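**Q** Handing over structure07.cif, mmCIF, C-alpha atoms and all ligand atoms.
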data_start
loop_
_atom_site.label_atom_id
_atom_site.label_comp_id
_atom_site.auth_asym_id
_atom_site.auth_seq_id
_atom_site.Cartn_x
_atom_site.Cartn_y
_atom_site.Cartn_z
CA MET A 283 48.79 142.28 -34.40
CA ARG A 284 47.87 138.70 -33.43
CA PRO A 285 50.22 137.31 -30.76
CA ARG A 286 51.59 133.84 -31.50
CA ARG A 287 54.07 133.63 -28.64
CA SER A 288 52.91 130.22 -27.44
CA VAL A 289 51.44 127.64 -29.82
CA LEU A 290 50.51 124.43 -28.01
CA TYR A 291 50.08 121.06 -29.75
CA LEU A 292 47.20 118.96 -28.42
CA PRO A 293 47.31 115.25 -29.27
CA GLY A 294 44.06 114.68 -31.18
CA ALA A 295 43.45 111.32 -29.49
CA ASN A 296 43.77 112.76 -25.97
CA GLU A 297 40.32 113.89 -24.83
CA ARG A 298 41.69 115.27 -21.55
CA ALA A 299 44.24 117.49 -23.33
CA LEU A 300 41.57 118.80 -25.74
CA GLN A 301 39.35 119.74 -22.78
CA LYS A 302 42.14 121.17 -20.66
CA ALA A 303 43.26 123.52 -23.41
CA SER A 304 40.28 125.83 -22.91
CA THR A 305 41.80 126.80 -19.53
CA LEU A 306 45.40 127.23 -20.71
CA ALA A 307 47.23 130.49 -21.47
CA ALA A 308 48.23 129.59 -25.02
CA ASP A 309 47.96 132.17 -27.79
CA ALA A 310 47.22 129.38 -30.26
CA LEU A 311 46.35 125.69 -30.21
CA VAL A 312 47.20 123.07 -32.81
CA LEU A 313 44.94 120.02 -32.55
CA ASP A 314 47.13 117.28 -33.93
CA LEU A 315 46.11 114.43 -36.22
CA GLU A 316 49.66 113.63 -37.34
CA ASP A 317 52.55 112.25 -35.28
CA SER A 318 50.85 112.17 -31.86
CA VAL A 319 48.04 109.93 -33.17
CA ALA A 320 48.54 106.19 -33.79
CA PRO A 321 47.44 104.85 -37.20
CA ASP A 322 44.48 102.92 -35.82
CA ALA A 323 43.23 106.00 -33.94
CA LYS A 324 43.43 108.38 -36.93
CA GLU A 325 39.75 108.28 -37.83
CA SER A 326 38.36 108.59 -34.31
CA ALA A 327 40.84 111.43 -33.58
CA ARG A 328 39.76 113.23 -36.77
CA ARG A 329 36.10 113.03 -35.67
CA ARG A 330 36.87 114.16 -32.12
CA VAL A 331 39.13 117.04 -33.21
CA CYS A 332 36.71 118.34 -35.84
CA GLU A 333 33.71 118.13 -33.49
CA THR A 334 35.71 119.99 -30.85
CA VAL A 335 36.78 122.74 -33.26
CA ALA A 336 33.24 123.13 -34.63
CA ALA A 337 31.97 123.58 -31.06
CA ALA A 338 34.44 126.49 -30.63
CA PRO A 339 35.34 126.03 -26.95
CA TYR A 340 38.65 127.91 -27.03
CA GLY A 341 37.60 131.56 -26.78
CA ARG A 342 40.01 134.01 -28.39
CA ARG A 343 42.84 131.49 -28.79
CA GLU A 344 43.74 130.91 -32.43
CA VAL A 345 42.82 127.32 -33.35
CA ALA A 346 44.49 125.15 -35.98
CA ILE A 347 44.20 121.51 -37.01
CA ARG A 348 47.38 119.68 -38.05
CA VAL A 349 46.44 117.20 -40.77
CA ASN A 350 48.47 114.21 -41.91
CA GLY A 351 51.00 114.74 -44.70
CA LEU A 352 50.11 114.86 -48.39
CA ASP A 353 51.65 111.45 -49.04
CA THR A 354 49.56 109.64 -46.41
CA PRO A 355 46.23 107.82 -46.81
CA TRP A 356 44.57 110.17 -44.26
CA HIS A 357 45.49 113.52 -45.80
CA ASP A 358 42.53 114.13 -48.10
CA ALA A 359 39.87 113.17 -45.54
CA ASP A 360 41.67 115.20 -42.85
CA VAL A 361 41.69 118.37 -44.97
CA ARG A 362 38.04 117.92 -45.99
CA ALA A 363 36.91 117.33 -42.42
CA ALA A 364 38.97 120.32 -41.24
CA ALA A 365 37.40 122.48 -43.97
CA GLU A 366 33.98 121.64 -42.57
CA ALA A 367 35.02 122.34 -38.96
CA GLY A 368 36.37 125.76 -39.98
CA PRO A 369 39.48 126.32 -37.80
CA ASP A 370 41.61 129.44 -38.16
CA ALA A 371 44.22 127.36 -39.96
CA VAL A 372 45.15 123.95 -41.29
CA VAL A 373 48.73 123.04 -40.39
CA VAL A 374 50.34 120.97 -43.13
CA PRO A 375 53.34 118.88 -42.09
CA LYS A 376 56.30 118.10 -44.33
CA VAL A 377 55.46 120.59 -47.05
CA GLY A 378 58.06 120.14 -49.79
CA SER A 379 57.28 122.77 -52.40
CA ALA A 380 54.85 125.46 -53.57
CA SER A 381 52.82 122.81 -55.39
CA ASP A 382 52.06 121.10 -52.05
CA VAL A 383 50.62 124.40 -50.79
CA HIS A 384 48.56 124.77 -53.97
CA ALA A 385 47.24 121.21 -53.60
CA VAL A 386 46.03 121.85 -50.03
CA GLU A 387 44.53 125.18 -51.08
CA ALA A 388 42.61 123.41 -53.88
CA THR A 389 41.28 120.71 -51.52
CA LEU A 390 40.18 123.32 -48.97
CA ALA A 391 38.36 125.27 -51.69
CA ASP A 392 36.77 122.12 -53.11
CA ALA A 393 35.58 121.17 -49.61
CA GLY A 394 34.04 124.62 -49.10
CA ALA A 395 36.38 125.80 -46.32
CA PRO A 396 35.48 129.21 -44.90
CA GLU A 397 37.62 132.13 -46.05
CA HIS A 398 39.13 132.60 -42.58
CA THR A 399 40.76 129.14 -42.71
CA THR A 400 44.34 129.70 -43.82
CA ILE A 401 47.32 127.35 -44.29
CA TRP A 402 50.33 127.05 -42.00
CA ALA A 403 53.20 125.21 -43.69
CA MET A 404 55.64 123.11 -41.67
CA ILE A 405 59.24 123.24 -42.80
CA GLU A 406 60.84 120.05 -41.56
CA THR A 407 62.92 118.53 -44.33
CA PRO A 408 66.18 119.68 -45.94
CA ALA A 409 64.37 120.09 -49.29
CA ALA A 410 61.76 122.32 -47.67
CA VAL A 411 64.43 124.46 -45.99
CA LEU A 412 66.14 124.95 -49.36
CA ARG A 413 62.77 125.90 -50.88
CA ALA A 414 61.58 127.98 -47.91
CA GLU A 415 61.22 131.13 -50.02
CA GLU A 416 59.22 129.32 -52.72
CA ILE A 417 56.94 127.86 -50.02
CA ALA A 418 56.54 131.11 -48.07
CA THR A 419 55.49 132.98 -51.21
CA ALA A 420 53.38 130.17 -52.74
CA SER A 421 50.03 131.73 -51.87
CA ASP A 422 48.33 134.46 -49.87
CA ALA A 423 46.39 131.64 -48.22
CA LEU A 424 49.64 130.54 -46.59
CA THR A 425 49.94 132.76 -43.54
CA VAL A 426 52.50 131.17 -41.18
CA LEU A 427 55.66 129.03 -41.40
CA VAL A 428 56.26 126.50 -38.61
CA LEU A 429 59.57 124.76 -37.97
CA GLY A 430 59.46 121.00 -37.40
CA THR A 431 62.80 120.63 -35.70
CA ASN A 432 62.45 116.97 -34.65
CA ASP A 433 61.97 115.87 -38.23
CA LEU A 434 64.66 118.24 -39.39
CA VAL A 435 67.20 116.78 -36.93
CA LYS A 436 66.25 113.30 -38.13
CA GLU A 437 66.51 114.17 -41.84
CA LEU A 438 69.82 116.00 -41.40
CA HIS A 439 71.31 113.04 -39.45
CA ALA A 440 72.10 115.71 -36.86
CA GLU A 441 72.03 115.56 -33.07
CA THR A 442 69.81 117.38 -30.58
CA VAL A 443 72.22 119.53 -28.58
CA ARG A 444 72.01 122.60 -26.34
CA GLY A 445 72.36 125.74 -28.42
CA ARG A 446 71.15 123.92 -31.56
CA ALA A 447 74.35 124.57 -33.53
CA PRO A 448 73.47 121.84 -36.10
CA LEU A 449 70.17 123.60 -36.87
CA LEU A 450 71.19 127.24 -36.92
CA ALA A 451 71.68 127.47 -40.69
CA SER A 452 68.22 125.97 -41.31
CA LEU A 453 66.51 128.11 -38.68
CA SER A 454 68.06 131.28 -40.07
CA TRP A 455 67.28 130.35 -43.67
CA CYS A 456 63.58 129.85 -42.78
CA LEU A 457 63.55 133.15 -40.91
CA LEU A 458 65.01 134.91 -43.93
CA ALA A 459 62.33 133.39 -46.16
CA ALA A 460 59.47 134.23 -43.79
CA ARG A 461 60.58 137.81 -43.22
CA ALA A 462 61.21 138.39 -46.94
CA ALA A 463 57.64 137.16 -47.57
CA GLY A 464 56.29 139.27 -44.69
CA LYS A 465 54.93 136.23 -42.85
CA PRO A 466 55.19 135.09 -39.22
CA VAL A 467 57.40 132.13 -38.37
CA LEU A 468 57.26 129.81 -35.34
CA ASP A 469 60.11 127.92 -33.72
CA GLY A 470 60.07 124.13 -33.20
CA VAL A 471 59.30 122.21 -30.00
CA TYR A 472 61.51 121.35 -27.00
CA ASN A 473 61.06 117.67 -26.14
CA ASP A 474 62.31 117.47 -22.53
CA VAL A 475 59.31 118.73 -20.59
CA ARG A 476 61.19 118.48 -17.25
CA ASP A 477 64.17 120.58 -18.36
CA THR A 478 62.84 124.04 -17.55
CA GLU A 479 66.22 125.73 -17.75
CA GLY A 480 67.07 124.28 -21.18
CA PHE A 481 63.59 125.14 -22.43
CA GLU A 482 63.79 128.77 -21.33
CA ALA A 483 67.25 129.12 -22.90
CA GLU A 484 65.84 127.81 -26.19
CA CYS A 485 62.93 130.31 -25.99
CA VAL A 486 65.44 133.13 -25.51
CA GLN A 487 67.48 131.88 -28.46
CA GLY A 488 64.35 131.65 -30.64
CA ARG A 489 63.32 135.18 -29.77
CA GLN A 490 66.82 136.52 -30.39
CA LEU A 491 66.91 134.82 -33.79
CA GLY A 492 63.65 136.57 -34.68
CA PHE A 493 60.91 133.95 -34.28
CA ASP A 494 57.42 135.25 -33.45
CA GLY A 495 56.82 132.43 -30.99
CA LYS A 496 57.46 128.80 -30.22
CA THR A 497 55.49 125.59 -30.67
CA LEU A 498 55.01 123.70 -27.40
CA ILE A 499 54.09 120.21 -26.23
CA HIS A 500 53.20 120.62 -22.54
CA PRO A 501 51.21 123.12 -20.42
CA SER A 502 54.25 123.72 -18.18
CA GLN A 503 56.01 125.34 -21.15
CA LEU A 504 53.38 128.09 -21.53
CA GLU A 505 54.39 130.53 -18.79
CA PRO A 506 58.12 130.76 -19.61
CA CYS A 507 57.37 130.92 -23.33
CA ASN A 508 54.80 133.72 -22.99
CA ARG A 509 57.18 135.62 -20.73
CA VAL A 510 60.20 135.33 -23.03
CA PHE A 511 58.26 136.21 -26.19
CA SER A 512 56.51 139.21 -24.57
CA PRO A 513 58.29 142.57 -24.47
CA SER A 514 59.52 143.22 -20.92
CA GLU A 515 58.58 146.41 -19.05
CA ALA A 516 62.10 147.75 -19.69
CA GLU A 517 61.67 147.11 -23.43
CA THR A 518 58.26 148.80 -23.63
CA ASP A 519 59.51 151.74 -21.57
CA HIS A 520 62.51 152.11 -23.88
CA ALA A 521 60.25 151.81 -26.94
CA ARG A 522 57.98 154.60 -25.64
CA ARG A 523 61.00 156.84 -25.05
CA VAL A 524 62.34 156.13 -28.55
CA VAL A 525 59.02 157.15 -30.12
CA ALA A 526 58.75 160.27 -27.95
CA ALA A 527 62.36 161.37 -28.60
CA PHE A 528 62.00 160.91 -32.33
CA GLU A 529 58.69 162.79 -32.47
CA GLU A 530 60.26 165.65 -30.53
CA ALA A 531 63.25 165.70 -32.91
CA MET A 532 60.98 165.68 -35.96
CA ALA A 533 58.98 168.59 -34.53
CA GLU A 534 62.27 170.49 -34.40
CA GLY A 535 63.10 169.58 -38.00
CA ARG A 536 65.62 166.83 -37.18
CA ALA A 537 65.44 163.18 -38.37
CA VAL A 538 67.88 161.91 -35.74
CA ALA A 539 67.56 161.83 -31.95
CA THR A 540 69.38 160.13 -29.09
CA VAL A 541 68.01 157.97 -26.26
CA ASP A 542 70.39 157.00 -23.45
CA GLY A 543 73.22 158.29 -25.64
CA ARG A 544 72.29 156.06 -28.59
CA MET A 545 71.28 157.20 -32.05
CA VAL A 546 67.58 156.89 -32.94
CA GLU A 547 66.41 157.08 -36.56
CA ASN A 548 63.16 156.26 -38.31
CA LEU A 549 63.97 152.53 -38.48
CA HIS A 550 64.40 152.39 -34.69
CA VAL A 551 61.01 154.02 -34.33
CA GLU A 552 59.48 151.30 -36.52
CA GLN A 553 61.11 148.66 -34.29
CA ALA A 554 59.82 150.47 -31.20
CA ARG A 555 56.27 150.65 -32.59
CA ARG A 556 56.35 146.91 -33.29
CA ILE A 557 57.39 146.22 -29.68
CA LEU A 558 54.57 148.44 -28.39
CA ALA A 559 52.00 146.75 -30.65
CA LEU A 560 53.21 143.32 -29.50
CA ALA A 561 53.05 144.37 -25.83
CA GLU A 562 49.50 145.64 -26.32
CA ALA A 563 48.41 142.48 -28.14
CA ALA A 564 50.04 140.28 -25.50
CA GLN A 565 48.31 142.15 -22.71
CA ALA A 566 44.93 141.85 -24.40
CA HIS A 567 45.31 138.04 -24.60
C1 LIG A 601 54.82 115.05 -23.66
C2 LIG A 601 53.59 114.36 -23.11
C3 LIG A 601 53.47 112.95 -23.67
C4 LIG A 601 53.73 114.26 -21.57
O1 LIG A 601 52.60 113.58 -21.10
P1 LIG A 601 52.35 113.35 -19.57
O2 LIG A 601 53.61 112.89 -18.86
O3 LIG A 601 51.15 112.47 -19.46
O4 LIG A 601 51.98 114.79 -19.05
P2 LIG A 601 51.59 115.23 -17.63
O5 LIG A 601 51.14 114.08 -16.80
O6 LIG A 601 52.69 116.05 -17.06
O7 LIG A 601 50.34 116.16 -17.90
C5 LIG A 601 49.88 117.04 -16.91
C6 LIG A 601 48.54 117.58 -17.30
O8 LIG A 601 48.65 118.33 -18.51
C7 LIG A 601 47.84 117.76 -19.52
N1 LIG A 601 48.60 117.83 -20.78
C8 LIG A 601 49.77 117.25 -21.08
N2 LIG A 601 50.17 117.61 -22.31
C9 LIG A 601 49.21 118.44 -22.77
C10 LIG A 601 49.06 119.14 -23.99
N3 LIG A 601 49.97 119.04 -24.98
N4 LIG A 601 47.99 119.93 -24.12
C11 LIG A 601 47.05 120.04 -23.16
N5 LIG A 601 47.13 119.39 -21.97
C12 LIG A 601 48.20 118.59 -21.80
C13 LIG A 601 47.58 116.34 -19.09
O9 LIG A 601 46.39 115.88 -19.66
C14 LIG A 601 47.51 116.51 -17.58
O10 LIG A 601 46.26 117.11 -17.26
P3 LIG A 601 45.52 116.82 -15.88
O11 LIG A 601 44.90 115.47 -16.07
O12 LIG A 601 44.55 117.90 -15.69
O13 LIG A 601 46.59 116.79 -14.80
C15 LIG A 601 52.31 115.16 -23.40
O14 LIG A 601 52.46 116.43 -22.82
C16 LIG A 601 51.95 115.26 -24.86
O15 LIG A 601 51.36 114.35 -25.40
N6 LIG A 601 52.29 116.40 -25.51
C17 LIG A 601 51.94 116.69 -26.86
C18 LIG A 601 52.57 115.74 -27.84
C19 LIG A 601 52.25 116.13 -29.27
O16 LIG A 601 51.25 116.75 -29.53
N7 LIG A 601 53.14 115.79 -30.22
C20 LIG A 601 52.98 116.17 -31.59
C21 LIG A 601 53.38 117.58 -31.83
S1 LIG A 601 55.11 117.89 -31.68
C22 LIG A 601 55.71 117.49 -33.24
O17 LIG A 601 55.14 116.74 -33.93
C23 LIG A 601 56.98 118.13 -33.64
C24 LIG A 601 57.24 118.41 -35.12
O18 LIG A 601 56.47 117.79 -36.06
C25 LIG A 601 58.69 118.16 -35.36
O19 LIG A 601 59.06 117.48 -36.32
O20 LIG A 601 59.49 118.69 -34.57
MG MG A 602 57.41 116.73 -37.55
#
Would you mind writing the file out in C-alpha cells?
**A**
Amino acid sequence: MRPRRSVLYLPGANERALQKASTLAADALVLDLEDSVAPDAKESARRRVCETVAAAPYGRREVAIRVNGLDTPWHDADVRAAAEAGPDAVVVPKVGSASDVHAVEATLADAGAPEHTTIWAMIETPAAVLRAEEIATASDALTVLVLGTNDLVKELHAETVRGRAPLLASLSWCLLAARAAGKPVLDGVYNDVRDTEGFEAECVQGRQLGFDGKTLIHPSQLEPCNRVFSPSEAETDHARRVVAAFEEAMAEGRAVATVDGRMVENLHVEQARRILALAEAAQAH
C-alpha cells in the first residue's frame, strides 16, 4: 500500500519551495505548472520543474507534475516535457470526460513516457463530478482522482464555509466513483494556512468521508494531515484484536466473533487488515 495521506503542491515557479520539499514529510509532491504559475512564467517553470524531477531529489516521496489544462496553449508541451522527465504521475486539471483522459494517455505514449508515469485526474467542475464514474474507469493508466475544491466552489456559485455543506454531495459522489473503480481519491486544499483548527477539522472530515489523503498548499499543514490520516495507536490495537479474535473463532469453526462486545465478521477483518497495512506503510514513510 502506498500512503498518500499528505500531497503537497509546490508552485513550479518557486525555486525555494522546490528545494525545500526534499526535507518535508509529505507522502507525495505535486510540482505545479497550472494555477500557481503566471502566464509569462509558464515556460521557465516547465523547464525548472522537469529538470528538478529528472534529477530525482525527493527520495521515496511520490512525485507528480500538474500540467496546464487540455484547453490551454501550454498543455501539449507540458505533457511532452513531463513525459521526458518521468515523474510518477501527471496531474491533469479540469478533466471533463473519459476522452480527456484518453487524449493525455495518447500524448504521453507519443512522447515516450515511461510505463511508471500514470495519470491523476482532477475533478473540479460540475460536469466532471457528474461524470466521475466515466472518468475514474476511463483507463488503467488513470490511477488517482483528486478533488479541486476551489474550482468546484467557483463553478457551483457556492460559498466556502466550515463543514463544507455546499460541497458534500460532490465530494461523496466522487468518493463513490473512486471506490467503485477501486482507485484512491484525494481531498481538496484548505486555503487559510493560518487557521490550524479549521484545517484539522477539515482533515478529520475528509478522513471520515473516506478520502485516502488531502492535497496541501503549505508545509505547516503536513504534520496535522499526516496525523489525522494515519491510523492511531488505539485503531491499530483494535485492528490487531479484531484479526486475532476472528482467527480464533475460525479455528473453532465459527465465522463470527466479538471484540469489546461488538460483532466481528469477515468484512470487519478486511477493514482491520486495511488499517494495519496503512499503519505499516505510514510508519515506513
Ligand atoms: C500559500 C502560500 C502563497 C503562502 O506563502 P508564504 O506566506 O510565502 O509562505 P511562508 O512564508 O509561510 O513559507 C514558509 C516557508 O515554507 C516554504 N513554502 C511555502 N509554501 C510551500 C509549499 N507549497 N511547498 C514547499 N515549501 C513551501 C517557503 O518557501 C518558506 O520557506 P523558508 O524560506 O525555508 O522559510 C504558499 O505556501 C504557496 O504558494 N503554496 C502553494 C500554492 C499552490 O501551489 N497553489 C496551486 C495548487 S492549489 C490548487 O490549485 C487548488 C485546486 O486546483 C482547486 O481548484 O482547488
Ligand atoms: Mg483548480
**Q** Compare A:Glu482, A:Val538, A:Arg329, A:Val426 by their minimum atom-to-atom distance to Glu505 of chain A, counting all atoms listed in the file, and give me the closest one.
**A** A:Glu482
**Q** What is the atom CA of Arg476 of chain A to atom O7 of ligand LIG 601 (chain A) distance in Å?
**A**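 Computing the Euclidean distance for atom CA of Arg476 of chain A and atom O7 of ligand LIG 601 (chain A) yields 11.1 Å.
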**Q** Could you pull the residues within 10 Å of Thr305 of chain A, counting only C-alpha atoms, minus those fewer than 4 positions along the same chain, as a tab-separated table (two decimals) with C-alpha atoms, keeping the file's coordinate frame?
**A**
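That gives us result-v8.tsv:
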chain	number	residue	atom	x	y	z
A	301	GLN	CA	39.35	119.74	-22.78
A	339	PRO	CA	35.34	126.03	-26.95
A	340	TYR	CA	38.65	127.91	-27.03
A	341	GLY	CA	37.60	131.56	-26.78
**Q** Point out the residue among A:Ser326, A:Asn508, A:Ser318, A:Thr431 with the least atom-to-atom distance to Leu306 of chain A, counting all atoms listed in the file.
**A**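 For Leu306 of chain A, the nearest of the candidates is A:Asn508.
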**Q** Determine the nearest neighbour of Leu558 of chain A from the options A:Glu397, A:Asp469, A:Asp392, A:Asp519, counting all atoms listed in the file.
**A**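 Closest residue, counting all atoms listed in the file: A:Asp519.
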**Q** Go through chain A and flag each residue having an atom no more than 10 Å from ligand MG 602 (chain A); for those, report the closest pair of atoms plus their distance in Å to one decimal, using all atoms listed in the file, ordered by chain and rising number, as a Markdown table.
**A**
| residue | atom | partner | partner_atom | distance |
| --- | --- | --- | --- | --- |
| A:Glu316 | CA | A:MG602 | MG | 8.3 |
| A:Asp317 | CA | A:MG602 | MG | 7.0 |
| A:Ser318 | CA | A:MG602 | MG | 9.8 |
| A:Gly351 | CA | A:MG602 | MG | 9.8 |
| A:Val374 | CA | A:MG602 | MG | 10.0 |
| A:Pro375 | CA | A:MG602 | MG | 6.5 |
| A:Lys376 | CA | A:MG602 | MG | 7.0 |
| A:Met404 | CA | A:MG602 | MG | 7.8 |
| A:Ile405 | CA | A:MG602 | MG | 8.6 |
| A:Glu406 | CA | A:MG602 | MG | 6.2 |
| A:Thr407 | CA | A:MG602 | MG | 8.9 |
| A:Val428 | CA | A:MG602 | MG | 9.9 |
| A:Leu429 | CA | A:MG602 | MG | 8.3 |
| A:Gly430 | CA | A:MG602 | MG | 4.7 |
| A:Thr431 | CA | A:MG602 | MG | 6.9 |
| A:Asn432 | CA | A:MG602 | MG | 5.8 |
| A:Asp433 | CA | A:MG602 | MG | 4.7 |
| A:Leu434 | CA | A:MG602 | MG | 7.6 |
| A:Val435 | CA | A:MG602 | MG | 9.8 |
| A:Lys436 | CA | A:MG602 | MG | 9.5 |
| A:Gly470 | CA | A:MG602 | MG | 9.0 |
| A:Val471 | CA | A:MG602 | MG | 9.5 |
**Q** Rounded to one decimal in Å, what is the spacing between atom CA of Leu498 of chain A and atom N2 of ligand LIG 601 (chain A)?
**A**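 Calculated distance between atom CA of Leu498 of chain A and atom N2 of ligand LIG 601 (chain A) is 9.3 Å.
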**Q** Go through A:Arg413, A:Lys324, A:Arg522, A:Arg298 and flag the residue nearest ligand LIG 601 (chain A), using only C-alpha atoms and all ligand atoms for the distances.
**A** A:Arg298
**Q** Please provide as a list in words all residues within 10 Å of Arg287 of chain A, with the sequence filter that same-chain residues fewer than 5 positions apart are discarded (counting all atoms listed in the file).
**A**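 Within the cut-off, the hits are Ala308, Asp309, Ala310, Leu468, Asp469, Cys485, Arg489, Phe493, Asp494, Gly495, Lys496, Thr497, Leu504, Cys507, Asn508, Arg509, Val510, Phe511, Ser512, Leu560 and Ala564 of chain A.
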**Q** Would you give the centre and edge lengths, in Å to one decimal, of a box along x, y and z around the listed atoms of ligand LIG 601 (chain A), with 8 Å added to each side, as JSON?
**A**
{"center_x": 52.0, "center_y": 116.3, "center_z": -25.6, "size_x": 30.9, "size_y": 23.6, "size_z": 37.5}
**Q** Give the answer as one residue: which of A:His567, A:Arg348, A:His439, A:Arg343 has the shortest atom-to-atom distance to ligand LIG 601 (chain A), using all atoms listed in the file?
**A** A:Arg348
**Q** Work out how far atom CA of Glu441 of chain A is from atom CA of Asn350 of chain A, in Å to one decimal.
**A**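 Taking atom CA of Asn350 of chain A as the start and atom CA of Glu441 of chain A as the end point, the length is 25.2 Å.
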**Q** Calculated over only C-alpha atoms, which of the candidates A:Val331, A:Ala371, A:Val475, A:Ala521 has the smallest distance to Pro501 of chain A?
**A**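 So, comparing all the options, the nearest one is A:Val475.
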**Q** Counting all atoms listed in the file, what is within 12 Å of Ala462 of chain A, bar same-chain residues fewer than 5 positions away, as a VMD selection string?
**A** chain A and resid 414 to 419 455 to 457 467
**Q** Can you tell me, as a PyMOL selection string, which residues sit within 6 Å of (43.3, 112.4, -36.8) in the file's frame, using all atoms listed in the file?
**A** chain A and resi 315+324-325+327-328
**Q** Find the residues near Asp477 of chain A: any atom within 12 Å, counting all atoms listed in the file, skip ones fewer than 3 places away on the same chain, and give them as an mmCIF file with C-alpha atoms, keeping the file's coordinate frame.
**A**
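Okay, this is what ended up in selection.cif:
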data_model
loop_
_atom_site.group_PDB
_atom_site.id
_atom_site.type_symbol
_atom_site.label_atom_id
_atom_site.label_comp_id
_atom_site.auth_asym_id
_atom_site.auth_seq_id
_atom_site.Cartn_x
_atom_site.Cartn_y
_atom_site.Cartn_z
ATOM 1 C CA ARG A 444 72.010 122.600 -26.340
ATOM 2 C CA TYR A 472 61.510 121.350 -27.000
ATOM 3 C CA ASN A 473 61.060 117.670 -26.140
ATOM 4 C CA ASP A 474 62.310 117.470 -22.530
ATOM 5 C CA GLY A 480 67.070 124.280 -21.180
ATOM 6 C CA PHE A 481 63.590 125.140 -22.430
ATOM 7 C CA GLU A 482 63.790 128.770 -21.330
ATOM 8 C CA ALA A 483 67.250 129.120 -22.900
ATOM 9 C CA GLU A 484 65.840 127.810 -26.190
ATOM 10 C CA HIS A 500 53.200 120.620 -22.540
ATOM 11 C CA SER A 502 54.250 123.720 -18.180
ATOM 12 C CA GLN A 503 56.010 125.340 -21.150
ATOM 13 C CA PRO A 506 58.120 130.760 -19.610
#
**Q** List the neighbours of Ala527 of chain A out to 12 Å using all atoms listed in the file; skip same-chain residues closer than 2 positions along the sequence, and give me the result as a list of chain:residue names.
**A**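 Skipping anything fewer than 2 positions along the chain leaves A:His520, A:Ala521, A:Arg522, A:Arg523, A:Val524, A:Val525, A:Glu529, A:Glu530, A:Ala531, A:Met532, A:Ala533, A:Glu534, A:Arg536, A:Ala537, A:Val538, A:Ala539, A:Thr540, A:Val541, A:Asp542, A:Gly543, A:Arg544, A:Met545, A:Val546, A:Glu547, A:Asn548, A:His550, A:Val551, A:Ala554.
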